[in-house]
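Chemist: Sharing a structure with you now.
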Amino acid sequence: MRTRRFGRLGWQVSEIGYGMWGMGGWSGSDDAQSLASLDQSVAAGVNVFDTAYAYGDGHSEQLLAQTLRAHADRTLYVATKVPPKNRKWPGTAATPVADVFPYEYIVEMTEKSLRNLGVERIHLQQLHVWDDTWAADEGWQRAAEDLKKAGKIEGFGISVNRWEPANVLQALETGLVDAVQVVYNLFDQNPEDALFPAAQRLDVAILARVPFDEGSLTGRMTRDMTFPSTDWRSLYFTPENLAETLDHVDRLTPDVPAGMTLPELALRFILEHPAVSTTIPGMRKAAHVAENTSVSDGRRLGEGLMAALRAHRWDRTHVIP
């Protein structure tokens, strides 16, 4: 497993991290299977794990706590997130920041996550939604500073709204944001426009989330598939959005090199950008861990292939939860 520097925090993190959203009670999730996959990922060299209190009201954090105890001899970097107090995603300018991230609430939720994780310090605490109209707010700024001073967290980050990668640039200028988590994949290439240059200038780490576009870039989705009503993907992949998404996948497929799978290409594309510190695919099964971690071998994509992949950029602006 190859590592990369995690911005100004200076950590050496695995370039393939672990996204734990699917372990919070998603359809098909199984705790024993999840724990086995987490153990296997550690054996493969993964050392950065992204979870959130909202993933099962702390359930995902509690699963990670078991992994941390089982591998107490390893340095495993833990990133979690404070859910919006109003429990509304995404963050919008129409909502006062006091309804989303007041000072006392950020501190309270950090304490809850510390207990769930069984640790005395969280490496990276993130805000789970954001709107840059909140950048000047004294509440979240003071919380970030005080939690660092108290040793409760080491770094502070923001997880930006889907398809709004520039909606954090003012917050970055405060100097308080050490990392940004953003949707970045073969289709969603727009973080390259403004966010990545700003992050590189300010030495802010980037966690690239949704590397497989909610599953479409695994190559396993079909046009007639459905999801349980309790599964978030049932809202995301409406029949119209599913059809449009798979049209884009069909156009991409001829550009997948011989001997390479679509998900492998998806991960390699992300790792081509030097602003990316780590990408965090979900890996609930052993086969997924083996497949995804094997991509960390330093192999580069050629300029011709990268040029072809740039043509698959898809700037989505319609609203999906």
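Every chain in the structure tokens has a letter given in the order shown (A, B, ...), and although residue numbers restart at 1 in each chain, ligands are simply numbered from 1 in the order shown.
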Could you list, as a ChimeraX atom specification, every residue within 6 Å of A:Gln12, counting only C-alpha atoms and ignoring same-chain residues fewer than 5 positions away?
Modeler: /A:3-5
Chemist: Run DSSP on the backbone of this structure and report the residues of stretch 93-257 of chain A it assigns to helix (DSSP H, G or I), as a CSV table (one decimal) with C-alpha atoms, in the first residue's frame.
Modeler:
chain,number,residue,atom,x,y,z
A,97,VAL,CA,-25.8,28.2,10.8
A,98,ALA,CA,-27.1,28.4,14.4
A,99,ASP,CA,-29.6,25.7,13.4
A,103,TYR,CA,-20.7,25.8,19.2
A,104,GLU,CA,-22.1,23.7,22.1
A,105,TYR,CA,-23.6,21.2,19.7
A,106,ILE,CA,-20.3,20.6,17.8
A,107,VAL,CA,-18.5,20.0,21.2
A,108,GLU,CA,-21.3,17.7,22.4
A,109,MET,CA,-21.3,15.6,19.3
A,110,THR,CA,-17.6,15.3,19.3
A,111,GLU,CA,-17.8,13.9,22.9
A,112,LYS,CA,-20.4,11.4,21.7
A,113,SER,CA,-18.1,10.3,18.9
A,114,LEU,CA,-15.2,10.0,21.2
A,115,ARG,CA,-17.2,7.6,23.4
A,116,ASN,CA,-18.5,5.6,20.4
A,117,LEU,CA,-14.9,5.2,19.0
A,132,ASP,CA,-20.0,28.8,2.6
A,133,THR,CA,-22.3,31.6,3.9
A,134,TRP,CA,-21.4,30.1,7.3
A,138,GLU,CA,-17.8,32.5,15.3
A,139,GLY,CA,-19.4,29.3,16.6
A,140,TRP,CA,-17.9,26.6,14.4
A,141,GLN,CA,-14.6,28.5,14.3
A,142,ARG,CA,-14.3,28.6,18.1
A,143,ALA,CA,-15.3,24.9,18.3
A,144,ALA,CA,-12.6,23.9,15.9
A,145,GLU,CA,-10.0,25.9,17.9
A,146,ASP,CA,-11.1,24.8,21.3
A,147,LEU,CA,-11.4,21.1,20.4
A,148,LYS,CA,-7.8,21.2,19.1
A,149,LYS,CA,-6.5,23.0,22.1
A,169,LEU,CA,-13.4,28.2,-0.5
A,170,GLN,CA,-14.2,31.0,2.0
A,171,ALA,CA,-14.0,28.5,4.9
A,172,LEU,CA,-10.6,27.4,3.7
A,190,ASN,CA,-15.3,19.6,-11.3
A,191,PRO,CA,-13.3,19.7,-8.0
A,192,GLU,CA,-10.3,20.2,-10.3
A,195,LEU,CA,-11.1,23.4,-5.0
A,196,PHE,CA,-8.0,21.4,-5.8
A,197,PRO,CA,-5.9,24.4,-6.7
A,198,ALA,CA,-7.0,26.2,-3.5
A,199,ALA,CA,-6.3,23.0,-1.4
A,200,GLN,CA,-2.8,22.7,-2.9
A,201,ARG,CA,-2.1,26.4,-2.2
A,202,LEU,CA,-3.2,26.1,1.4
A,213,ASP,CA,-20.5,7.2,-8.3
A,214,GLU,CA,-22.8,5.4,-5.8
A,215,GLY,CA,-22.1,2.1,-7.6
A,216,SER,CA,-22.5,3.0,-11.3
A,217,LEU,CA,-18.7,2.9,-11.8
A,218,THR,CA,-18.5,-0.7,-10.5
A,233,ARG,CA,-30.1,4.8,-3.2
A,234,SER,CA,-33.9,4.4,-3.9
A,235,LEU,CA,-34.1,8.2,-3.7
A,236,TYR,CA,-30.9,8.8,-5.7
A,239,PRO,CA,-35.7,5.5,-12.9
A,240,GLU,CA,-34.8,8.6,-14.9
A,241,ASN,CA,-31.5,9.2,-13.1
A,242,LEU,CA,-30.6,5.5,-13.3
A,243,ALA,CA,-31.1,5.4,-17.0
A,244,GLU,CA,-29.2,8.6,-17.6
A,245,THR,CA,-26.3,7.4,-15.4
A,246,LEU,CA,-26.0,4.1,-17.2
A,247,ASP,CA,-26.0,5.9,-20.5
A,248,HIS,CA,-22.9,7.7,-19.3
A,249,VAL,CA,-21.4,4.3,-18.2
A,250,ASP,CA,-22.1,2.8,-21.6
A,251,ARG,CA,-20.2,5.7,-23.3
A,252,LEU,CA,-17.3,5.2,-20.8
A,253,THR,CA,-16.9,1.5,-21.2
A,254,PRO,CA,-15.1,1.4,-24.5
A,255,ASP,CA,-12.3,3.5,-22.9
Chemist: Env of stretch 6-9 of chain A: 12 Å cut, atoms = only C-alpha atoms, seq-sep filter 6 positions within chain, self excluded. Answer as an mmCIF file with C-alpha atoms, in the first residue's frame.
Modeler:
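What landed in selection_17.cif:
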data_model
loop_
_atom_site.group_PDB
_atom_site.id
_atom_site.type_symbol
_atom_site.label_atom_id
_atom_site.label_comp_id
_atom_site.auth_asym_id
_atom_site.auth_seq_id
_atom_site.Cartn_x
_atom_site.Cartn_y
_atom_site.Cartn_z
ATOM 1 C CA GLU A 15 -3.990 6.335 -0.705
ATOM 2 C CA GLY A 17 -8.834 4.587 2.551
ATOM 3 C CA ASN A 47 -4.744 3.143 7.710
ATOM 4 C CA VAL A 48 -7.398 5.843 7.262
ATOM 5 C CA TYR A 77 -6.280 7.442 11.402
ATOM 6 C CA HIS A 123 -7.681 12.509 14.268
ATOM 7 C CA LEU A 124 -10.091 14.365 11.978
ATOM 8 C CA ILE A 153 -9.269 16.381 17.878
ATOM 9 C CA GLU A 154 -6.086 16.789 15.879
ATOM 10 C CA GLY A 155 -7.520 18.118 12.641
ATOM 11 C CA PHE A 156 -10.734 19.780 11.492
ATOM 12 C CA GLY A 157 -12.452 19.268 8.165
ATOM 13 C CA GLY A 175 -6.995 28.684 8.083
ATOM 14 C CA LEU A 176 -9.057 26.436 10.375
ATOM 15 C CA VAL A 177 -9.945 23.755 7.824
ATOM 16 C CA ASP A 178 -7.282 21.068 7.492
ATOM 17 C CA ALA A 179 -9.155 18.749 5.115
ATOM 18 C CA VAL A 180 -12.043 18.732 2.677
ATOM 19 C CA PHE A 196 -8.034 21.388 -5.803
ATOM 20 C CA ALA A 199 -6.309 23.048 -1.399
ATOM 21 C CA GLN A 200 -2.845 22.709 -2.873
ATOM 22 C CA ARG A 201 -2.077 26.381 -2.238
ATOM 23 C CA LEU A 202 -3.210 26.149 1.400
ATOM 24 C CA ASP A 203 -1.847 22.628 1.990
ATOM 25 C CA VAL A 204 -5.325 21.250 2.760
ATOM 26 C CA ALA A 205 -5.856 17.502 2.473
ATOM 27 C CA ILE A 206 -8.459 16.078 0.105
ATOM 28 C CA LEU A 207 -10.541 12.979 0.808
ATOM 29 C CA PRO A 274 -1.737 15.086 -6.801
ATOM 30 C CA ALA A 275 -4.220 17.062 -4.680
ATOM 31 C CA VAL A 276 -5.892 13.851 -3.541
ATOM 32 C CA SER A 277 -4.582 12.523 -0.220
ATOM 33 C CA THR A 278 -6.808 9.456 -0.111
ATOM 34 C CA THR A 279 -9.939 8.042 -1.695
#
Chemist: Which of these residues is nearest to A:Pro281, using only C-alpha atoms: A:Thr226, A:Thr95, A:Gln66, A:Asn185?
Modeler: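 Once distances to A:Pro281 are computed over only C-alpha atoms, the minimum belongs to A:Asn185.
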Chemist: Please, which residues of stretch 131-264 of chain A, numbered as in this document, come out strand (DSSP E or B) from DSSP, as a PyMOL selection string?
Modeler: chain A and resi 153-159+179-183+205-209
Chemist: Could the residues in this selection be saved with C-alpha atoms as a PDB file, in the first residue's frame?
Modeler:
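Result went into result_24.pdb, see below:
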ATOM      1  CA  ILE A 153      -9.269  16.381  17.878  1.00  0.00           C
ATOM      2  CA  GLU A 154      -6.086  16.789  15.879  1.00  0.00           C
ATOM      3  CA  GLY A 155      -7.520  18.118  12.641  1.00  0.00           C
ATOM      4  CA  PHE A 156     -10.734  19.780  11.492  1.00  0.00           C
ATOM      5  CA  GLY A 157     -12.452  19.268   8.165  1.00  0.00           C
ATOM      6  CA  ILE A 158     -15.564  19.902   6.105  1.00  0.00           C
ATOM      7  CA  SER A 159     -17.518  17.464   3.958  1.00  0.00           C
ATOM      8  CA  ALA A 179      -9.155  18.749   5.115  1.00  0.00           C
ATOM      9  CA  VAL A 180     -12.043  18.732   2.677  1.00  0.00           C
ATOM     10  CA  GLN A 181     -14.086  15.695   1.750  1.00  0.00           C
ATOM     11  CA  VAL A 182     -15.572  15.989  -1.718  1.00  0.00           C
ATOM     12  CA  VAL A 183     -17.284  13.879  -4.377  1.00  0.00           C
ATOM     13  CA  ALA A 205      -5.856  17.502   2.473  1.00  0.00           C
ATOM     14  CA  ILE A 206      -8.459  16.078   0.105  1.00  0.00           C
ATOM     15  CA  LEU A 207     -10.541  12.979   0.808  1.00  0.00           C
ATOM     16  CA  ALA A 208     -12.161  11.880  -2.455  1.00  0.00           C
ATOM     17  CA  ARG A 209     -15.497  10.282  -1.664  1.00  0.00           C
TER      18      ARG A 209
END
Chemist: Between A:Leu68, A:Ala79, A:Ala194, A:Leu267, which is the closest to A:Val42 once you count only C-alpha atoms?
Modeler: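 Checking each candidate against A:Val42, we get A:Leu68 as the closest.
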Chemist: Excluding A:Leu262 and residues on its chain fewer than 2 positions from it, collect all residues at most 7 Å away from it, counting only C-alpha atoms, and give them as a count of residues only.
Modeler: 8
Chemist: To one decimal place, how far is atom CA of A:Arg87 from atom CA of A:Met225 in Å?
Modeler: 28.7 Å
Chemist: Could you work out how far atom CA of A:Asp39 lies from atom CA of A:Thr67, giving the answer in Å with one decimal?
Modeler: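 Between atom CA of A:Thr67 and atom CA of A:Asp39 the gap is 6.7 Å.
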Chemist: Between A:Val82, A:Ala94, A:Met306, A:Ile270, which residue has the minimum interatomic distance to A:Gln125, considering only C-alpha atoms?
Modeler: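 Ranked by minimum distance to A:Gln125, first place goes to A:Val82.
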Chemist: Between atom CA of A:Val289 and atom CA of A:Met23, what is the distance in Å, rounded to a tenth?
Modeler: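 Interatomic distance here is 14.2 Å.
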